[in-house]
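Undergrad: I am sharing work.cif, which consists of mmCIF, C-alpha atoms:
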```
data_target
loop_
_atom_site.label_atom_id
_atom_site.label_comp_id
_atom_site.auth_asym_id
_atom_site.auth_seq_id
_atom_site.Cartn_x
_atom_site.Cartn_y
_atom_site.Cartn_z
CA MET A 228 128.68 -51.33 -80.61
CA HIS A 229 125.87 -49.24 -82.04
CA ASP A 230 125.07 -46.05 -80.12
CA SER A 231 121.43 -47.06 -79.60
CA GLU A 232 122.38 -50.30 -77.86
CA PRO A 233 122.26 -50.18 -74.05
CA ASP A 234 125.43 -50.90 -72.05
CA THR A 235 123.67 -53.31 -69.71
CA PHE A 236 120.97 -55.94 -70.06
CA THR A 237 118.81 -57.97 -67.71
CA GLN A 238 119.14 -61.71 -68.12
CA ILE A 239 115.66 -63.25 -68.13
CA SER A 240 114.51 -66.84 -68.53
CA LYS A 241 112.61 -68.09 -71.59
CA ARG A 242 109.37 -68.36 -69.61
CA GLU A 243 109.71 -64.78 -68.32
CA GLU A 244 110.33 -63.64 -71.89
CA PHE A 245 107.26 -65.54 -73.14
CA CYS A 246 105.14 -64.22 -70.25
CA GLY A 247 106.12 -60.68 -71.30
CA LEU A 248 105.04 -61.42 -74.89
CA LEU A 249 101.67 -62.75 -73.68
CA GLU A 250 101.08 -59.68 -71.50
CA LYS A 251 101.94 -57.47 -74.47
CA ILE A 252 99.06 -59.00 -76.49
CA GLY A 253 96.64 -58.59 -73.57
CA VAL A 254 96.74 -62.07 -72.02
CA GLN A 255 96.85 -62.25 -68.21
CA ALA A 256 99.88 -64.40 -67.45
CA GLU A 257 102.04 -65.21 -64.45
CA VAL A 258 105.46 -66.90 -64.37
CA LYS A 259 105.65 -70.05 -62.25
CA GLN A 260 108.75 -71.32 -60.48
CA ILE A 261 110.40 -74.11 -62.46
CA ASP A 262 109.50 -77.71 -61.61
CA THR A 263 106.47 -76.79 -59.48
CA ASP A 264 103.64 -77.80 -61.83
CA GLU A 265 102.35 -81.32 -62.44
CA VAL A 266 102.63 -80.91 -66.25
CA GLU A 267 106.43 -80.73 -65.88
CA LYS A 268 106.55 -84.17 -64.23
CA GLY A 269 105.17 -86.54 -66.87
CA ASP A 270 105.76 -87.05 -70.59
CA TYR A 271 105.68 -83.91 -72.74
CA TYR A 272 104.60 -85.78 -75.90
CA SER A 273 102.08 -88.52 -76.66
CA LYS A 274 104.73 -90.20 -78.89
CA HIS A 275 102.07 -90.88 -81.55
CA PHE A 276 103.65 -88.47 -84.04
CA THR A 277 106.84 -89.29 -85.92
CA ASN A 278 108.43 -85.89 -85.18
CA THR A 279 108.57 -86.50 -81.40
CA PRO A 280 112.03 -85.49 -80.13
CA ALA A 281 114.08 -88.02 -78.16
CA MET A 282 115.41 -85.48 -75.68
CA VAL A 283 114.04 -82.13 -74.50
CA THR A 284 114.79 -79.48 -71.85
CA ASN A 285 112.04 -78.02 -69.69
CA HIS A 286 112.17 -74.23 -69.33
CA GLY A 287 109.22 -73.99 -66.95
CA CYS A 288 105.64 -72.76 -67.15
CA VAL A 289 103.51 -69.66 -67.44
CA LYS A 290 100.06 -69.77 -65.82
CA LEU A 291 97.23 -68.08 -67.74
CA ARG A 292 94.07 -66.46 -66.37
CA GLY A 293 90.81 -65.81 -68.20
CA SER A 294 91.68 -68.21 -71.02
CA ASN A 295 90.72 -71.72 -72.10
CA ILE A 296 94.40 -72.62 -71.79
CA ASP A 297 95.39 -73.46 -68.22
CA ILE A 298 99.16 -73.30 -68.55
CA VAL A 299 101.93 -72.80 -71.14
CA GLN A 300 105.12 -74.87 -70.92
CA ILE A 301 108.32 -73.79 -72.69
CA ILE A 302 110.39 -76.65 -74.12
CA GLN A 303 113.77 -76.70 -75.86
CA LYS A 304 114.91 -79.48 -78.19
CA GLY A 305 117.87 -81.52 -76.96
CA MET U 147 141.53 -89.73 -90.37
CA SER U 148 138.37 -89.08 -92.39
CA GLU U 149 135.91 -86.32 -91.63
CA ASP U 150 132.54 -87.33 -90.14
CA LEU U 151 130.09 -86.09 -92.78
CA ASN U 152 127.02 -87.05 -90.75
CA SER U 153 127.90 -85.43 -87.46
CA GLN U 154 125.10 -85.44 -84.89
CA PRO U 155 124.26 -82.32 -82.90
CA TRP U 156 124.84 -82.75 -79.18
CA GLY U 157 123.10 -80.95 -76.33
CA ALA U 158 120.30 -78.39 -76.36
CA GLN U 159 119.57 -76.92 -79.78
CA ASP U 160 118.29 -73.47 -80.72
CA ARG U 161 114.76 -74.86 -81.20
CA PHE U 162 111.89 -73.91 -78.91
CA GLN U 163 108.24 -74.85 -78.53
CA ALA U 164 105.46 -73.47 -76.33
CA HIS U 165 102.91 -76.09 -75.29
CA PHE U 166 99.46 -74.64 -74.57
CA ILE U 167 98.00 -77.11 -72.09
CA VAL U 168 94.41 -77.81 -71.06
CA LYS U 169 94.61 -79.77 -67.80
CA THR U 170 92.58 -82.97 -67.49
CA GLY U 171 92.94 -83.54 -63.74
CA GLY U 172 94.68 -86.88 -64.11
CA GLN U 173 92.17 -88.39 -66.54
CA ILE U 174 93.96 -90.22 -69.35
CA PHE U 175 92.81 -89.78 -72.93
CA ASP U 176 94.15 -91.34 -76.05
CA ALA U 177 93.47 -91.21 -79.78
CA GLU U 178 90.25 -89.17 -79.47
CA PHE U 179 92.35 -86.08 -78.57
CA LEU U 180 95.07 -86.69 -81.15
CA ALA U 181 95.08 -84.39 -84.19
CA LYS U 182 97.29 -82.36 -86.51
CA THR U 183 96.70 -79.88 -89.30
CA LYS U 184 97.07 -80.75 -92.95
CA LEU U 185 97.46 -77.50 -94.85
CA LYS U 186 96.41 -76.63 -98.38
CA THR U 187 98.81 -73.99 -99.65
CA LYS U 188 99.37 -71.61 -102.55
CA GLY U 189 102.67 -70.11 -103.69
CA HIS U 190 106.20 -71.24 -102.94
CA PHE U 191 109.07 -70.40 -100.60
CA ALA U 192 108.67 -66.93 -99.03
CA THR U 193 105.28 -66.35 -100.67
CA LYS U 194 103.80 -69.67 -99.46
CA LYS U 195 100.36 -68.97 -98.00
CA VAL U 196 97.73 -71.10 -96.28
CA ALA U 197 94.69 -71.62 -98.52
CA GLY U 198 92.84 -74.21 -96.45
CA VAL U 199 93.11 -76.25 -93.27
CA VAL U 200 92.04 -79.84 -92.60
CA TRP U 201 92.48 -81.45 -89.18
CA VAL U 202 93.38 -85.14 -89.30
CA GLY U 203 93.22 -87.45 -86.31
CA GLY U 204 90.68 -88.44 -83.69
CA ASN U 205 87.23 -87.11 -82.78
CA ILE U 206 88.61 -83.69 -81.85
CA GLY U 207 89.77 -83.30 -85.48
CA GLU U 208 86.20 -83.71 -86.75
CA THR U 209 84.97 -81.09 -84.24
CA LEU U 210 87.67 -78.63 -85.34
CA ASN U 211 86.92 -79.23 -89.03
CA SER U 212 83.30 -78.23 -88.45
CA ASP U 213 84.32 -74.83 -87.00
CA SER U 214 84.44 -72.46 -90.00
CA ASP U 215 85.45 -69.49 -87.78
CA LEU U 216 88.57 -71.38 -86.73
CA THR U 217 89.43 -72.20 -90.37
CA ASN U 218 89.00 -68.52 -91.33
CA MET U 219 91.31 -67.49 -88.48
CA MET U 220 93.92 -70.08 -89.48
CA VAL U 221 94.15 -69.17 -93.19
CA LYS U 222 95.30 -65.70 -92.09
CA LEU U 223 98.26 -67.15 -90.17
CA PRO U 224 101.77 -67.53 -91.63
CA TYR U 225 102.39 -71.06 -93.02
CA LYS U 226 104.71 -72.08 -90.15
CA ASP U 227 102.27 -70.89 -87.46
CA ALA U 228 99.34 -72.78 -89.01
CA GLN U 229 101.05 -76.13 -88.39
CA ILE U 230 99.48 -77.23 -85.13
CA TRP U 231 99.49 -80.52 -83.22
CA ILE U 232 97.17 -81.69 -80.44
CA GLU U 233 98.55 -84.42 -78.21
CA PRO U 234 97.05 -86.04 -75.11
CA THR U 235 99.52 -86.64 -72.27
CA ARG U 236 99.09 -87.83 -68.69
CA ASN U 237 98.61 -84.36 -67.20
CA GLY U 238 96.78 -82.57 -69.97
CA ILE U 239 95.95 -82.09 -73.62
CA ARG U 240 98.84 -80.25 -75.27
CA ILE U 241 98.37 -77.91 -78.25
CA HIS U 242 101.63 -76.83 -79.89
CA GLY U 243 103.21 -75.61 -83.10
CA SER U 244 106.45 -76.45 -84.88
CA TRP U 245 109.96 -75.85 -83.49
CA LYS U 246 111.23 -72.28 -83.76
CA SER U 247 114.64 -70.66 -83.27
CA SER U 248 115.10 -68.17 -80.44
CA TYR U 249 114.70 -65.32 -82.97
CA GLU U 250 111.38 -66.63 -84.34
CA PHE U 251 110.05 -67.86 -80.99
CA GLY U 252 107.12 -65.73 -79.87
CA ILE U 253 103.36 -65.34 -80.00
CA SER U 254 101.06 -63.02 -81.93
CA LYS U 255 97.53 -61.99 -80.96
CA GLU U 256 96.15 -63.91 -83.97
CA LEU U 257 98.08 -67.10 -83.15
CA PHE U 258 97.03 -66.97 -79.50
CA ALA U 259 93.38 -66.55 -80.57
CA VAL U 260 93.69 -69.76 -82.66
CA TYR U 261 95.22 -71.73 -79.75
CA ASP U 262 92.52 -70.40 -77.40
CA LYS U 263 89.77 -71.43 -79.84
CA VAL U 264 91.25 -74.93 -80.21
CA ALA U 265 91.49 -75.13 -76.39
CA SER U 266 87.81 -74.13 -76.09
CA HIS U 267 86.86 -77.14 -78.27
CA VAL U 268 89.11 -79.40 -76.19
CA LYS U 269 87.49 -78.11 -72.98
CA ARG U 270 84.00 -78.64 -74.36
CA ALA U 271 84.94 -82.20 -75.40
CA LEU U 272 86.27 -82.81 -71.88
CA GLY U 273 82.89 -81.79 -70.50
CA SER U 274 83.89 -78.43 -68.97
CA PRO U 275 82.41 -75.13 -70.14
CA PRO U 276 84.81 -72.99 -72.22
CA VAL U 277 85.80 -69.51 -70.91
#
```
Using structure tokens, write down the structure from this file.
TA:
Amino acid sequence: MHDSEPDTFTQISKREEFCGLLEKIGVQAEVKQIDTDEVEKGDYYSKHFTNTPAMVTNHGCVKLRGSNIDIVQIIQKG
Amino acid sequence: MSEDLNSQPWGAQDRFQAHFIVKTGGQIFDAEFLAKTKLKTKGHFATKKVAGVVWVGGNIGETLNSDSDLTNMMVKLPYKDAQIWIEPTRNGIRIHGSWKSSYEFGISKELFAVYDKVASHVKRALGSPPV
């Protein structure tokens, strides 16, 4: 192990990680509890494009404030 | 026993996407909010750069093509980030990029500005004032 590496780490979810990145670039963002937003309930793709995946995993949402985007959903393939 | 040369990956893969969603309040839209970028490029491999952007798809594509500020912002993006899709779903209009590994997965100020600008056009087309 390299000396500069910490001995411990905090395990964070993908949406918490993405929320941190948004806050770093000056976007007001707030992590939502998984499976609490209506966008997580329906289809995630319109299925009009050929690259639509057959199976995806929902990693939850990040709510934005002061932006034209209402919410960001993190999705993993497979 | 022969080796399976076309083995299929199973389970979640190291490929992530962030969907930037403009909510529609249950209203269902179809082809008018369907669009994707078609990029004009220069250079190859690592030096591949975006030289021009054309949106193809429904009415929203025509609106985005007429925004020269958006095109200027997009030609400054890396090639992979400039590939953007707009898809209408039951709960909102989704704007997203291509799949990225956990190392590449992130957001820059410039990329967010492009998504926000696209979302402003979507909002205007939905009849709500952009922020």
Undergrad: Pick out the chain A residues within 6 Å of chain U. Count only C-alpha atoms. Give them as a JSON list (two decimals) with C-alpha atoms, keeping the file's coordinate frame.
TA:
```json
[["chain", "number", "residue", "atom", "x", "y", "z"],
["A", 252, "ILE", "CA", 99.06, -59.00, -76.49],
["A", 266, "VAL", "CA", 102.63, -80.91, -66.25],
["A", 273, "SER", "CA", 102.08, -88.52, -76.66],
["A", 295, "ASN", "CA", 90.72, -71.72, -72.10],
["A", 296, "ILE", "CA", 94.40, -72.62, -71.79],
["A", 297, "ASP", "CA", 95.39, -73.46, -68.22],
["A", 298, "ILE", "CA", 99.16, -73.30, -68.55],
["A", 299, "VAL", "CA", 101.93, -72.80, -71.14],
["A", 300, "GLN", "CA", 105.12, -74.87, -70.92],
["A", 301, "ILE", "CA", 108.32, -73.79, -72.69],
["A", 302, "ILE", "CA", 110.39, -76.65, -74.12],
["A", 303, "GLN", "CA", 113.77, -76.70, -75.86],
["A", 304, "LYS", "CA", 114.91, -79.48, -78.19],
["A", 305, "GLY", "CA", 117.87, -81.52, -76.96]]
```
Undergrad: Give me, please, the distance in Å between atom CA of Gly273 of chain U and atom CA of Val258 of chain A, quoted to one decimal.
TA: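 Value for the atom CA of Gly273 of chain U-atom CA of Val258 of chain A distance: 27.7 Å.
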Undergrad: Run through the PyMOL selection byres ((chain A and resi 250) around 12) on the given coordinates and return the selected residues as a list in words.
TA: Glu243, Glu244, Phe245, Cys246, Gly247, Leu248, Leu249, Lys251, Ile252, Gly253, Val254, Gln255, Ala256, Glu257, Val258, Val289, Lys290, Leu291 and Arg292 of chain A; Gly252, Ile253, Ser254, Lys255 and Phe258 of chain U
Undergrad: Kindly resolve the PyMOL selection byres ((chain A and resi 267) around 9) on the present coordinates and return the residues as a ChimeraX atom specification.
TA: /A:261-266,268-271,285,287-288,300 /U:237
Undergrad: Work out how far apart atom CA of Gly198 of chain U and atom CA of Thr217 of chain U are and give it in Å to one decimal.
TA: 7.3 Å
Undergrad: Would you mind reading off the distance between atom CA of Lys184 of chain U and atom CA of Ala197 of chain U, one decimal, in Å?
TA: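 Atom CA of Ala197 of chain U lies 11.0 Å from atom CA of Lys184 of chain U.
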